[in-house]
$ cat model.txt   # compact mmCIF, N, CA and C atoms
# COMPACT_ATOMS: atom_id res chain seq x y z
N LEU Z 1 167.08 139.51 123.76
CA LEU Z 1 167.94 138.37 124.02
C LEU Z 1 167.30 137.08 123.48
N LEU Z 2 166.02 136.88 123.79
CA LEU Z 2 165.36 135.67 123.32
C LEU Z 2 165.18 135.69 121.80
N GLY Z 3 165.06 136.86 121.21
CA GLY Z 3 165.01 136.99 119.75
C GLY Z 3 166.34 136.58 119.13
N ARG Z 4 167.44 137.00 119.75
CA ARG Z 4 168.77 136.59 119.27
C ARG Z 4 168.95 135.09 119.41
N LEU Z 5 168.48 134.54 120.53
CA LEU Z 5 168.55 133.10 120.73
C LEU Z 5 167.76 132.38 119.65
N ASP Z 6 166.55 132.84 119.39
CA ASP Z 6 165.72 132.24 118.35
C ASP Z 6 166.44 132.24 117.00
N ALA Z 7 167.02 133.36 116.64
CA ALA Z 7 167.72 133.44 115.34
C ALA Z 7 168.90 132.47 115.28
N ARG Z 8 169.67 132.39 116.36
CA ARG Z 8 170.81 131.48 116.38
C ARG Z 8 170.35 130.03 116.30
N LEU Z 9 169.32 129.69 117.04
CA LEU Z 9 168.80 128.31 117.02
C LEU Z 9 168.30 127.95 115.63
N ARG Z 10 167.56 128.86 115.01
CA ARG Z 10 167.05 128.59 113.66
C ARG Z 10 168.19 128.31 112.69
N GLU Z 11 169.23 129.11 112.76
CA GLU Z 11 170.37 128.94 111.86
C GLU Z 11 171.08 127.61 112.12
N ARG Z 12 171.32 127.31 113.36
CA ARG Z 12 172.03 126.05 113.68
C ARG Z 12 171.20 124.83 113.31
N LEU Z 13 169.90 124.88 113.56
CA LEU Z 13 169.04 123.75 113.20
C LEU Z 13 168.93 123.60 111.68
N ARG Z 14 168.91 124.72 110.97
CA ARG Z 14 168.89 124.66 109.51
C ARG Z 14 170.15 123.96 109.00
N ARG Z 15 171.31 124.37 109.54
CA ARG Z 15 172.58 123.75 109.13
C ARG Z 15 172.66 122.29 109.56
N PHE Z 16 172.10 121.96 110.70
CA PHE Z 16 172.12 120.59 111.21
C PHE Z 16 171.38 119.66 110.25
N GLY Z 17 170.28 120.12 109.72
CA GLY Z 17 169.55 119.38 108.72
C GLY Z 17 168.60 118.33 109.29
N ARG Z 18 167.92 117.68 108.37
CA ARG Z 18 166.91 116.69 108.73
C ARG Z 18 167.15 115.36 108.03
N GLY Z 19 168.40 114.98 107.96
CA GLY Z 19 168.72 113.69 107.36
C GLY Z 19 168.15 112.56 108.21
N PRO Z 20 167.94 111.39 107.61
CA PRO Z 20 167.33 110.27 108.34
C PRO Z 20 168.16 109.77 109.52
N GLU Z 21 169.43 110.08 109.55
CA GLU Z 21 170.27 109.69 110.69
C GLU Z 21 170.07 110.62 111.89
N ARG Z 22 169.38 111.75 111.67
CA ARG Z 22 169.19 112.75 112.72
C ARG Z 22 167.73 113.06 113.02
N TYR Z 23 166.85 112.68 112.14
CA TYR Z 23 165.48 113.16 112.19
C TYR Z 23 164.54 112.01 111.88
N GLY Z 24 163.52 111.85 112.72
CA GLY Z 24 162.55 110.78 112.51
C GLY Z 24 161.50 110.82 113.60
N LEU Z 25 160.83 109.72 113.81
CA LEU Z 25 159.77 109.63 114.81
C LEU Z 25 160.36 109.70 116.22
N ILE Z 26 159.87 110.64 117.02
CA ILE Z 26 160.33 110.81 118.40
C ILE Z 26 159.13 110.93 119.33
N HIS Z 27 159.39 110.72 120.61
CA HIS Z 27 158.36 110.89 121.64
C HIS Z 27 158.06 112.37 121.84
N ALA Z 28 159.10 113.19 121.91
CA ALA Z 28 159.03 114.65 122.02
C ALA Z 28 158.64 115.17 123.40
N ASP Z 29 158.48 114.28 124.37
CA ASP Z 29 158.21 114.71 125.75
C ASP Z 29 158.68 113.61 126.70
N LEU Z 30 159.82 113.04 126.38
CA LEU Z 30 160.34 111.89 127.12
C LEU Z 30 161.10 112.37 128.36
N ARG Z 31 160.35 112.54 129.44
CA ARG Z 31 160.93 112.98 130.70
C ARG Z 31 160.37 112.11 131.81
N LEU Z 32 160.92 112.27 133.01
CA LEU Z 32 160.55 111.37 134.11
C LEU Z 32 159.05 111.29 134.33
N ALA Z 33 158.34 112.38 134.15
CA ALA Z 33 156.89 112.38 134.38
C ALA Z 33 156.16 111.46 133.39
N ASN Z 34 156.82 111.08 132.32
CA ASN Z 34 156.19 110.25 131.30
C ASN Z 34 156.77 108.84 131.25
N LEU Z 35 157.36 108.42 132.35
CA LEU Z 35 157.81 107.04 132.50
C LEU Z 35 156.97 106.38 133.58
N LEU Z 36 156.53 105.17 133.31
CA LEU Z 36 155.73 104.42 134.27
C LEU Z 36 156.60 103.25 134.74
N VAL Z 37 156.86 103.23 136.03
CA VAL Z 37 157.70 102.18 136.62
C VAL Z 37 156.87 101.44 137.66
N THR Z 38 156.80 100.13 137.49
CA THR Z 38 156.06 99.31 138.46
C THR Z 38 156.96 98.15 138.89
N GLY Z 39 157.17 98.04 140.18
CA GLY Z 39 157.98 96.95 140.71
C GLY Z 39 159.37 96.91 140.11
N ASP Z 40 159.83 95.70 139.82
CA ASP Z 40 161.16 95.50 139.26
C ASP Z 40 161.16 95.42 137.74
N GLY Z 41 160.01 95.63 137.11
CA GLY Z 41 159.90 95.51 135.67
C GLY Z 41 160.55 96.66 134.92
N GLU Z 42 160.61 96.49 133.63
CA GLU Z 42 161.13 97.54 132.76
C GLU Z 42 160.20 98.75 132.80
N PRO Z 43 160.74 99.96 132.73
CA PRO Z 43 159.87 101.14 132.67
C PRO Z 43 159.12 101.18 131.34
N SER Z 44 157.95 101.76 131.38
CA SER Z 44 157.14 101.95 130.18
C SER Z 44 157.02 103.44 129.90
N VAL Z 45 157.03 103.79 128.63
CA VAL Z 45 156.86 105.18 128.23
C VAL Z 45 155.37 105.43 128.02
N ILE Z 46 154.88 106.55 128.55
CA ILE Z 46 153.48 106.93 128.39
C ILE Z 46 153.38 108.33 127.80
N ASP Z 47 152.18 108.79 127.55
CA ASP Z 47 151.88 110.17 127.12
C ASP Z 47 152.49 110.49 125.76
N PHE Z 48 151.88 109.96 124.73
CA PHE Z 48 152.39 110.12 123.37
C PHE Z 48 151.71 111.27 122.62
N ASP Z 49 151.05 112.18 123.31
CA ASP Z 49 150.33 113.24 122.60
C ASP Z 49 151.25 114.22 121.86
N ASP Z 50 152.51 114.32 122.25
CA ASP Z 50 153.46 115.20 121.56
C ASP Z 50 154.28 114.45 120.51
N CYS Z 51 154.09 113.15 120.42
CA CYS Z 51 154.86 112.30 119.52
C CYS Z 51 154.71 112.79 118.07
N GLY Z 52 155.79 112.72 117.33
CA GLY Z 52 155.76 113.14 115.93
C GLY Z 52 157.16 113.07 115.35
N PHE Z 53 157.36 113.72 114.23
CA PHE Z 53 158.67 113.72 113.60
C PHE Z 53 159.48 114.91 114.09
N GLY Z 54 160.72 114.63 114.44
CA GLY Z 54 161.62 115.66 114.93
C GLY Z 54 163.03 115.12 115.00
N TRP Z 55 163.91 115.91 115.54
CA TRP Z 55 165.31 115.51 115.69
C TRP Z 55 165.44 114.57 116.88
N TYR Z 56 166.22 113.52 116.71
CA TYR Z 56 166.41 112.55 117.79
C TYR Z 56 166.99 113.22 119.03
N LEU Z 57 167.86 114.19 118.86
CA LEU Z 57 168.44 114.88 120.01
C LEU Z 57 167.41 115.70 120.79
N TYR Z 58 166.28 115.97 120.18
CA TYR Z 58 165.23 116.70 120.90
C TYR Z 58 164.72 115.87 122.08
N ASP Z 59 164.72 114.54 121.93
CA ASP Z 59 164.28 113.71 123.05
C ASP Z 59 165.21 113.86 124.25
N LEU Z 60 166.50 114.05 124.01
CA LEU Z 60 167.42 114.34 125.12
C LEU Z 60 167.05 115.66 125.76
N ALA Z 61 166.83 116.67 124.95
CA ALA Z 61 166.45 117.99 125.49
C ALA Z 61 165.17 117.90 126.30
N ALA Z 62 164.20 117.14 125.82
CA ALA Z 62 162.94 116.99 126.55
C ALA Z 62 163.16 116.30 127.89
N ALA Z 63 164.09 115.35 127.92
CA ALA Z 63 164.39 114.64 129.18
C ALA Z 63 164.94 115.60 130.23
N LEU Z 64 165.51 116.70 129.80
CA LEU Z 64 166.09 117.67 130.73
C LEU Z 64 165.16 118.86 131.00
N SER Z 65 163.93 118.77 130.52
CA SER Z 65 162.98 119.86 130.70
C SER Z 65 162.86 120.26 132.17
N PHE Z 66 162.92 121.54 132.37
CA PHE Z 66 162.76 122.20 133.67
C PHE Z 66 163.97 122.04 134.60
N ILE Z 67 165.01 121.30 134.19
CA ILE Z 67 166.20 121.15 135.04
C ILE Z 67 167.48 121.50 134.27
N GLU Z 68 167.36 122.22 133.18
CA GLU Z 68 168.52 122.52 132.33
C GLU Z 68 169.63 123.26 133.07
N HIS Z 69 169.30 123.93 134.12
CA HIS Z 69 170.26 124.71 134.91
C HIS Z 69 170.93 123.87 136.01
N ASP Z 70 170.46 122.67 136.22
CA ASP Z 70 170.96 121.81 137.30
C ASP Z 70 172.43 121.46 137.05
N PRO Z 71 173.28 121.53 138.06
CA PRO Z 71 174.70 121.22 137.86
C PRO Z 71 174.95 119.77 137.45
N ARG Z 72 173.96 118.89 137.60
CA ARG Z 72 174.12 117.49 137.20
C ARG Z 72 173.85 117.25 135.71
N VAL Z 73 173.46 118.29 134.99
CA VAL Z 73 173.12 118.12 133.57
C VAL Z 73 174.25 117.46 132.78
N PRO Z 74 175.50 117.88 132.91
CA PRO Z 74 176.55 117.19 132.14
C PRO Z 74 176.60 115.68 132.42
N GLU Z 75 176.42 115.29 133.66
CA GLU Z 75 176.40 113.87 134.02
C GLU Z 75 175.19 113.17 133.40
N LEU Z 76 174.04 113.83 133.43
CA LEU Z 76 172.84 113.26 132.83
C LEU Z 76 172.99 113.12 131.32
N VAL Z 77 173.59 114.11 130.69
CA VAL Z 77 173.85 114.03 129.25
C VAL Z 77 174.78 112.87 128.94
N ASP Z 78 175.84 112.72 129.72
CA ASP Z 78 176.77 111.61 129.51
C ASP Z 78 176.06 110.26 129.63
N SER Z 79 175.18 110.13 130.61
CA SER Z 79 174.43 108.89 130.79
C SER Z 79 173.52 108.63 129.59
N TRP Z 80 172.85 109.67 129.13
CA TRP Z 80 171.96 109.54 127.98
C TRP Z 80 172.77 109.12 126.75
N LEU Z 81 173.94 109.76 126.57
CA LEU Z 81 174.79 109.43 125.41
C LEU Z 81 175.25 107.98 125.45
N ARG Z 82 175.61 107.48 126.62
CA ARG Z 82 176.02 106.07 126.73
C ARG Z 82 174.87 105.15 126.33
N GLY Z 83 173.69 105.45 126.81
CA GLY Z 83 172.52 104.64 126.46
C GLY Z 83 172.20 104.73 124.97
N TYR Z 84 172.24 105.93 124.43
CA TYR Z 84 171.95 106.13 123.01
C TYR Z 84 172.94 105.36 122.15
N ARG Z 85 174.21 105.51 122.48
CA ARG Z 85 175.25 104.87 121.68
C ARG Z 85 175.27 103.35 121.83
N ALA Z 86 174.58 102.83 122.82
CA ALA Z 86 174.44 101.37 122.93
C ALA Z 86 173.50 100.84 121.85
N VAL Z 87 172.71 101.75 121.26
CA VAL Z 87 171.73 101.35 120.25
C VAL Z 87 172.09 101.89 118.86
N ALA Z 88 172.61 103.11 118.80
CA ALA Z 88 172.90 103.75 117.52
C ALA Z 88 174.11 104.67 117.67
N PRO Z 89 174.84 104.89 116.59
CA PRO Z 89 175.98 105.80 116.68
C PRO Z 89 175.51 107.26 116.77
N LEU Z 90 176.34 108.07 117.37
CA LEU Z 90 176.08 109.51 117.42
C LEU Z 90 177.42 110.21 117.15
N PRO Z 91 177.57 110.76 115.96
CA PRO Z 91 178.83 111.43 115.62
C PRO Z 91 179.12 112.62 116.53
N ALA Z 92 180.39 112.92 116.69
CA ALA Z 92 180.81 114.05 117.54
C ALA Z 92 180.19 115.36 117.06
N ARG Z 93 180.03 115.53 115.75
CA ARG Z 93 179.45 116.79 115.25
C ARG Z 93 177.98 116.92 115.66
N ASP Z 94 177.29 115.78 115.82
CA ASP Z 94 175.92 115.83 116.34
C ASP Z 94 175.93 116.12 117.83
N GLU Z 95 176.82 115.47 118.54
CA GLU Z 95 176.95 115.70 119.99
C GLU Z 95 177.23 117.17 120.28
N ALA Z 96 177.96 117.83 119.40
CA ALA Z 96 178.29 119.25 119.60
C ALA Z 96 177.05 120.15 119.58
N GLU Z 97 175.93 119.64 119.09
CA GLU Z 97 174.70 120.44 119.02
C GLU Z 97 173.74 120.17 120.18
N ILE Z 98 174.14 119.40 121.14
CA ILE Z 98 173.23 119.07 122.24
C ILE Z 98 172.66 120.31 122.89
N TRP Z 99 173.48 121.31 123.18
CA TRP Z 99 172.96 122.51 123.83
C TRP Z 99 172.05 123.31 122.91
N THR Z 100 172.22 123.16 121.61
CA THR Z 100 171.27 123.79 120.69
C THR Z 100 169.88 123.23 120.93
N PHE Z 101 169.78 121.92 121.08
CA PHE Z 101 168.48 121.30 121.31
C PHE Z 101 167.94 121.58 122.71
N ILE Z 102 168.82 121.63 123.68
CA ILE Z 102 168.38 121.97 125.04
C ILE Z 102 167.81 123.38 125.07
N MET Z 103 168.49 124.31 124.41
CA MET Z 103 168.00 125.68 124.39
C MET Z 103 166.75 125.81 123.52
N PHE Z 104 166.64 125.03 122.47
CA PHE Z 104 165.44 125.01 121.64
C PHE Z 104 164.24 124.59 122.48
N ARG Z 105 164.39 123.50 123.21
CA ARG Z 105 163.31 123.02 124.08
C ARG Z 105 162.99 124.07 125.14
N ARG Z 106 164.01 124.64 125.72
CA ARG Z 106 163.81 125.64 126.78
C ARG Z 106 163.03 126.84 126.24
N LEU Z 107 163.37 127.31 125.06
CA LEU Z 107 162.67 128.44 124.47
C LEU Z 107 161.21 128.07 124.17
N LEU Z 108 160.98 126.87 123.71
CA LEU Z 108 159.61 126.41 123.47
C LEU Z 108 158.81 126.36 124.78
N LEU Z 109 159.47 125.97 125.86
CA LEU Z 109 158.77 125.93 127.15
C LEU Z 109 158.45 127.33 127.66
N VAL Z 110 159.31 128.29 127.39
CA VAL Z 110 158.99 129.68 127.76
C VAL Z 110 157.73 130.12 127.02
N ALA Z 111 157.64 129.79 125.75
CA ALA Z 111 156.44 130.12 124.98
C ALA Z 111 155.22 129.38 125.54
N TRP Z 112 155.40 128.11 125.91
CA TRP Z 112 154.30 127.33 126.47
C TRP Z 112 153.80 127.96 127.77
N ILE Z 113 154.73 128.38 128.62
CA ILE Z 113 154.35 129.03 129.88
C ILE Z 113 153.52 130.28 129.59
N GLY Z 114 153.95 131.06 128.61
CA GLY Z 114 153.24 132.29 128.28
C GLY Z 114 151.85 132.08 127.72
N THR Z 115 151.61 130.92 127.13
CA THR Z 115 150.29 130.65 126.55
C THR Z 115 149.43 129.75 127.43
N HIS Z 116 149.95 129.33 128.58
CA HIS Z 116 149.20 128.44 129.47
C HIS Z 116 149.20 128.98 130.91
N THR Z 117 148.90 130.24 131.05
CA THR Z 117 148.96 130.88 132.37
C THR Z 117 148.00 130.27 133.37
N GLY Z 118 146.96 129.59 132.90
CA GLY Z 118 146.00 128.97 133.80
C GLY Z 118 146.40 127.58 134.27
N VAL Z 119 147.50 127.06 133.76
CA VAL Z 119 147.97 125.73 134.14
C VAL Z 119 148.89 125.87 135.34
N ASP Z 120 148.68 125.06 136.38
CA ASP Z 120 149.45 125.17 137.61
C ASP Z 120 150.96 125.09 137.36
N THR Z 121 151.39 124.16 136.52
CA THR Z 121 152.83 124.01 136.24
C THR Z 121 153.39 125.30 135.65
N ALA Z 122 152.68 125.87 134.68
CA ALA Z 122 153.14 127.11 134.05
C ALA Z 122 153.17 128.26 135.06
N ALA Z 123 152.12 128.36 135.85
CA ALA Z 123 152.06 129.44 136.85
C ALA Z 123 153.18 129.31 137.87
N GLY Z 124 153.50 128.08 138.25
CA GLY Z 124 154.56 127.85 139.21
C GLY Z 124 155.94 128.20 138.68
N LEU Z 125 156.14 128.04 137.39
CA LEU Z 125 157.44 128.34 136.78
C LEU Z 125 157.57 129.83 136.50
N GLY Z 126 156.56 130.39 135.84
CA GLY Z 126 156.45 131.82 135.58
C GLY Z 126 157.72 132.55 135.23
N ALA Z 127 157.86 133.72 135.80
CA ALA Z 127 158.95 134.63 135.48
C ALA Z 127 160.32 134.06 135.82
N ALA Z 128 160.41 133.28 136.87
CA ALA Z 128 161.71 132.73 137.26
C ALA Z 128 162.27 131.81 136.18
N TYR Z 129 161.40 131.04 135.54
CA TYR Z 129 161.86 130.15 134.47
C TYR Z 129 162.34 130.96 133.27
N THR Z 130 161.63 132.03 132.96
CA THR Z 130 162.04 132.89 131.85
C THR Z 130 163.36 133.58 132.17
N GLU Z 131 163.52 134.05 133.40
CA GLU Z 131 164.79 134.67 133.81
C GLU Z 131 165.93 133.66 133.70
N GLY Z 132 165.69 132.44 134.14
CA GLY Z 132 166.71 131.39 134.03
C GLY Z 132 167.04 131.09 132.58
N THR Z 133 166.02 131.15 131.73
CA THR Z 133 166.24 130.94 130.30
C THR Z 133 167.13 132.04 129.74
N CYS Z 134 166.91 133.25 130.17
CA CYS Z 134 167.74 134.37 129.71
C CYS Z 134 169.19 134.18 130.14
N GLU Z 135 169.40 133.71 131.36
CA GLU Z 135 170.76 133.46 131.82
C GLU Z 135 171.42 132.37 130.97
N LEU Z 136 170.70 131.28 130.72
CA LEU Z 136 171.25 130.21 129.87
C LEU Z 136 171.46 130.70 128.44
N ALA Z 137 170.56 131.54 127.94
CA ALA Z 137 170.69 132.07 126.59
C ALA Z 137 171.96 132.90 126.45
N GLU Z 138 172.25 133.72 127.45
CA GLU Z 138 173.49 134.51 127.42
C GLU Z 138 174.71 133.59 127.33
N ARG Z 139 174.70 132.54 128.11
CA ARG Z 139 175.83 131.60 128.11
C ARG Z 139 175.90 130.85 126.78
N TYR Z 140 174.76 130.44 126.25
CA TYR Z 140 174.74 129.73 124.98
C TYR Z 140 175.27 130.62 123.85
N LEU Z 141 174.75 131.85 123.78
CA LEU Z 141 175.14 132.78 122.73
C LEU Z 141 176.62 133.17 122.83
N SER Z 142 177.16 133.18 124.04
CA SER Z 142 178.57 133.55 124.20
C SER Z 142 179.49 132.35 124.06
N GLY Z 143 178.90 131.16 123.92
CA GLY Z 143 179.71 129.95 123.74
C GLY Z 143 180.27 129.37 125.02
N THR Z 144 179.68 129.72 126.18
CA THR Z 144 180.21 129.23 127.44
C THR Z 144 179.41 128.07 128.02
N LEU Z 145 178.45 127.54 127.28
CA LEU Z 145 177.72 126.36 127.75
C LEU Z 145 178.42 125.10 127.26

$ encode --input "model.txt" --output "C-alpha cells"
Amino acid sequence: LLGRLDARLRERLRRFGRGPERYGLIHADLRLANLLVTGDGEPSVIDFDDCGFGWYLYDLAAALSFIEHDPRVPELVDSWLRGYRAVAPLPARDEAEIWTFIMFRRLLLVAWIGTHTGVDTAAGLGAAYTEGTCELAERYLSGTL
C-alpha cells in the first residue's frame, strides 16, 4: 500500500512541476512546535534546520504534521489558504494537490519514525501512526480525501 502511495505521489509531484510559482525557499517544518510566541507580539518562526528548496504547499503539509487525521483539517487548510492568498495567489489546480503534499509529508514521517526509533516522539507514534497513514493512503488512492 505504501509502495503504491509512493508511486502515485511521485507521479503527481512530477506533473505538478517545480516552476518558480510553486517551488522555492521554504521552512519545511513550519508547525506549532516551531513558532515562538511571547506576550502580545507577533509570533516568530524558529528551527530552520530543515529549511531548503521545496514546494510552497509542503509548508502547509508540515503545519499539519501528526494531525492529518484530525476532523478539523479542512478548517485548518481553509485558514491557511486565506492567509496564503492574502500574500500570493494560489490557483485552483494547485489547491487540488494539497492532499498530495499532506500525504507526501506523512509518508516521509513514517520513514523518519522507522529510522529514529530511539527518539521519544518517534517511539510514541510508532505503529499507530503507520496504521493511520495506511488508512489515509487508502482514502487518498481511492480519491475519497

$ closest_residue --input "model.txt" --among "Z:Leu1, Z:Ala62, Z:Ala88, Z:Val37" --to "Z:Arg105" --atoms "all atoms listed in the file"
Z:Ala62

$ atom_distance --input "model.txt" --atom1 "atom N of Z:Ile46" --atom2 "atom C of Z:Gly24"
16.9 Å

$ atom_distance --input "model.txt" --atom1 "atom C of Z:Leu81" --atom2 "atom N of Z:Gly41"
22.8 Å

$ axis_aligned_box --input "model.txt" --around "stretch 68-87 of chain Z" --padding-each-side "6 Å" --output "JSON"
{"center_x": 172.1, "center_y": 112.8, "center_z": 128.5, "size_x": 21.4, "size_y": 35.9, "size_z": 31.2}

$ select_by_dssp --input "model.txt" --residues "stretch 1-114 of chain Z" --states "helix (DSSP H, G or I)" --output "ChimeraX atom specification"
/Z:2-16,32-34,56-63,73-85,92-95,98-114

$ select_by_dssp --input "model.txt" --residues "stretch 33-135 of chain Z" --states "strand (DSSP E or B)" --output "ChimeraX atom specification"
/Z:35-36,44-45,52-55

$ write_last_selection --input "model.txt" --atoms "N, CA and C atoms" --output "PDB file, in the coordinates of the input"
ATOM      1  N   LEU Z  35     157.360 108.420 132.350  1.00  0.00           N
ATOM      2  CA  LEU Z  35     157.810 107.040 132.500  1.00  0.00           C
ATOM      3  C   LEU Z  35     156.970 106.380 133.580  1.00  0.00           C
ATOM      4  N   LEU Z  36     156.530 105.170 133.310  1.00  0.00           N
ATOM      5  CA  LEU Z  36     155.730 104.420 134.270  1.00  0.00           C
ATOM      6  C   LEU Z  36     156.600 103.250 134.740  1.00  0.00           C
ATOM      7  N   SER Z  44     157.950 101.760 131.380  1.00  0.00           N
ATOM      8  CA  SER Z  44     157.140 101.950 130.180  1.00  0.00           C
ATOM      9  C   SER Z  44     157.020 103.440 129.900  1.00  0.00           C
ATOM     10  N   VAL Z  45     157.030 103.790 128.630  1.00  0.00           N
ATOM     11  CA  VAL Z  45     156.860 105.180 128.230  1.00  0.00           C
ATOM     12  C   VAL Z  45     155.370 105.430 128.020  1.00  0.00           C
ATOM     13  N   GLY Z  52     155.790 112.720 117.330  1.00  0.00           N
ATOM     14  CA  GLY Z  52     155.760 113.140 115.930  1.00  0.00           C
ATOM     15  C   GLY Z  52     157.160 113.070 115.350  1.00  0.00           C
ATOM     16  N   PHE Z  53     157.360 113.720 114.230  1.00  0.00           N
ATOM     17  CA  PHE Z  53     158.670 113.720 113.600  1.00  0.00           C
ATOM     18  C   PHE Z  53     159.480 114.910 114.090  1.00  0.00           C
ATOM     19  N   GLY Z  54     160.720 114.630 114.440  1.00  0.00           N
ATOM     20  CA  GLY Z  54     161.620 115.660 114.930  1.00  0.00           C
ATOM     21  C   GLY Z  54     163.030 115.120 115.000  1.00  0.00           C
ATOM     22  N   TRP Z  55     163.910 115.910 115.540  1.00  0.00           N
ATOM     23  CA  TRP Z  55     165.310 115.510 115.690  1.00  0.00           C
ATOM     24  C   TRP Z  55     165.440 114.570 116.880  1.00  0.00           C
TER      25      TRP Z  55
END

$ closest_residue --input "model.txt" --among "Z:Ala28, Z:Phe53, Z:Ala137, Z:Pro20" --to "Z:Met103" --atoms "all atoms listed in the file"
Z:Ala137

$ atom_distance --input "model.txt" --atom1 "atom C of Z:Ala122" --atom2 "atom C of Z:Trp99"
23.0 Å

$ residues_around --input "model.txt" --residues "Z:Phe48" --least-positions-apart "6" --cutoff "8 Å" --atoms "only N, CA and C atoms" --output "ChimeraX atom specification"
/Z:26-29,34

$ residues_near_point --input "model.txt" --point "(171.1, 114.7, 117.0)" --cutoff "6.5 Å" --atoms "only N, CA and C atoms" --output "MDAnalysis selection string"
chainID Z and resid 22 55:58 94:95

$ closest_residue --input "model.txt" --among "Z:Leu90, Z:Leu36, Z:Cys51, Z:Ile102" --to "Z:Ala63" --atoms "only C-alpha atoms"
Z:Ile102

$ closest_residue --input "model.txt" --among "Z:Val77, Z:Ala92, Z:Leu107, Z:Cys134" --to "Z:Asp59" --atoms "only C-alpha atoms"
Z:Val77

$ closest_residue --input "model.txt" --among "Z:Leu9, Z:Asp40, Z:Ala96, Z:Tyr23" --to "Z:Gly52" --atoms "only C-alpha atoms"
Z:Tyr23

$ closest_residue --input "model.txt" --among "Z:Ala61, Z:Thr115, Z:Asp70, Z:Arg18" --to "Z:Thr100" --atoms "only N, CA and C atoms"
Z:Ala61

$ build_atoms --input "model.txt" --residues "stretch 71-76 of chain Z" --atoms "all heavy atoms" --output "JSON list (two decimals), in the coordinates of the input"
[["chain", "number", "residue", "atom", "x", "y", "z"],
["Z", 71, "PRO", "N", 173.28, 121.53, 138.06],
["Z", 71, "PRO", "CA", 174.70, 121.22, 137.86],
["Z", 71, "PRO", "C", 174.95, 119.77, 137.45],
["Z", 71, "PRO", "O", 176.03, 119.44, 136.95],
["Z", 71, "PRO", "CB", 175.34, 121.53, 139.22],
["Z", 71, "PRO", "CG", 174.24, 121.72, 140.18],
["Z", 71, "PRO", "CD", 172.98, 121.98, 139.42],
["Z", 72, "ARG", "N", 173.96, 118.89, 137.60],
["Z", 72, "ARG", "CA", 174.12, 117.49, 137.20],
["Z", 72, "ARG", "C", 173.85, 117.25, 135.71],
["Z", 72, "ARG", "O", 173.99, 116.13, 135.23],
["Z", 72, "ARG", "CB", 173.22, 116.59, 138.03],
["Z", 72, "ARG", "CG", 173.57, 116.59, 139.52],
["Z", 72, "ARG", "CD", 172.54, 115.85, 140.32],
["Z", 72, "ARG", "NE", 171.29, 116.62, 140.23],
["Z", 72, "ARG", "CZ", 170.12, 116.21, 140.66],
["Z", 72, "ARG", "NH1", 169.99, 115.03, 141.19],
["Z", 72, "ARG", "NH2", 169.04, 116.97, 140.56],
["Z", 73, "VAL", "N", 173.46, 118.29, 134.99],
["Z", 73, "VAL", "CA", 173.12, 118.12, 133.57],
["Z", 73, "VAL", "C", 174.25, 117.46, 132.78],
["Z", 73, "VAL", "O", 173.98, 116.54, 132.01],
["Z", 73, "VAL", "CB", 172.63, 119.44, 132.94],
["Z", 73, "VAL", "CG1", 172.63, 119.38, 131.42],
["Z", 73, "VAL", "CG2", 171.23, 119.76, 133.46],
["Z", 74, "PRO", "N", 175.50, 117.88, 132.91],
["Z", 74, "PRO", "CA", 176.55, 117.19, 132.14],
["Z", 74, "PRO", "C", 176.60, 115.68, 132.42],
["Z", 74, "PRO", "O", 176.77, 114.88, 131.49],
["Z", 74, "PRO", "CB", 177.84, 117.89, 132.58],
["Z", 74, "PRO", "CG", 177.40, 119.24, 133.00],
["Z", 74, "PRO", "CD", 176.04, 119.02, 133.64],
["Z", 75, "GLU", "N", 176.42, 115.29, 133.66],
["Z", 75, "GLU", "CA", 176.40, 113.87, 134.02],
["Z", 75, "GLU", "C", 175.19, 113.17, 133.40],
["Z", 75, "GLU", "O", 175.30, 112.05, 132.89],
["Z", 75, "GLU", "CB", 176.38, 113.72, 135.54],
["Z", 75, "GLU", "CG", 176.33, 112.31, 136.04],
["Z", 75, "GLU", "CD", 176.20, 112.25, 137.56],
["Z", 75, "GLU", "OE1", 176.58, 113.21, 138.25],
["Z", 75, "GLU", "OE2", 175.70, 111.22, 138.04],
["Z", 76, "LEU", "N", 174.04, 113.83, 133.43],
["Z", 76, "LEU", "CA", 172.84, 113.26, 132.83],
["Z", 76, "LEU", "C", 172.99, 113.12, 131.32],
["Z", 76, "LEU", "O", 172.57, 112.11, 130.73],
["Z", 76, "LEU", "CB", 171.62, 114.12, 133.17],
["Z", 76, "LEU", "CG", 171.24, 114.19, 134.65],
["Z", 76, "LEU", "CD1", 170.18, 115.27, 134.88],
["Z", 76, "LEU", "CD2", 170.77, 112.84, 135.15]]
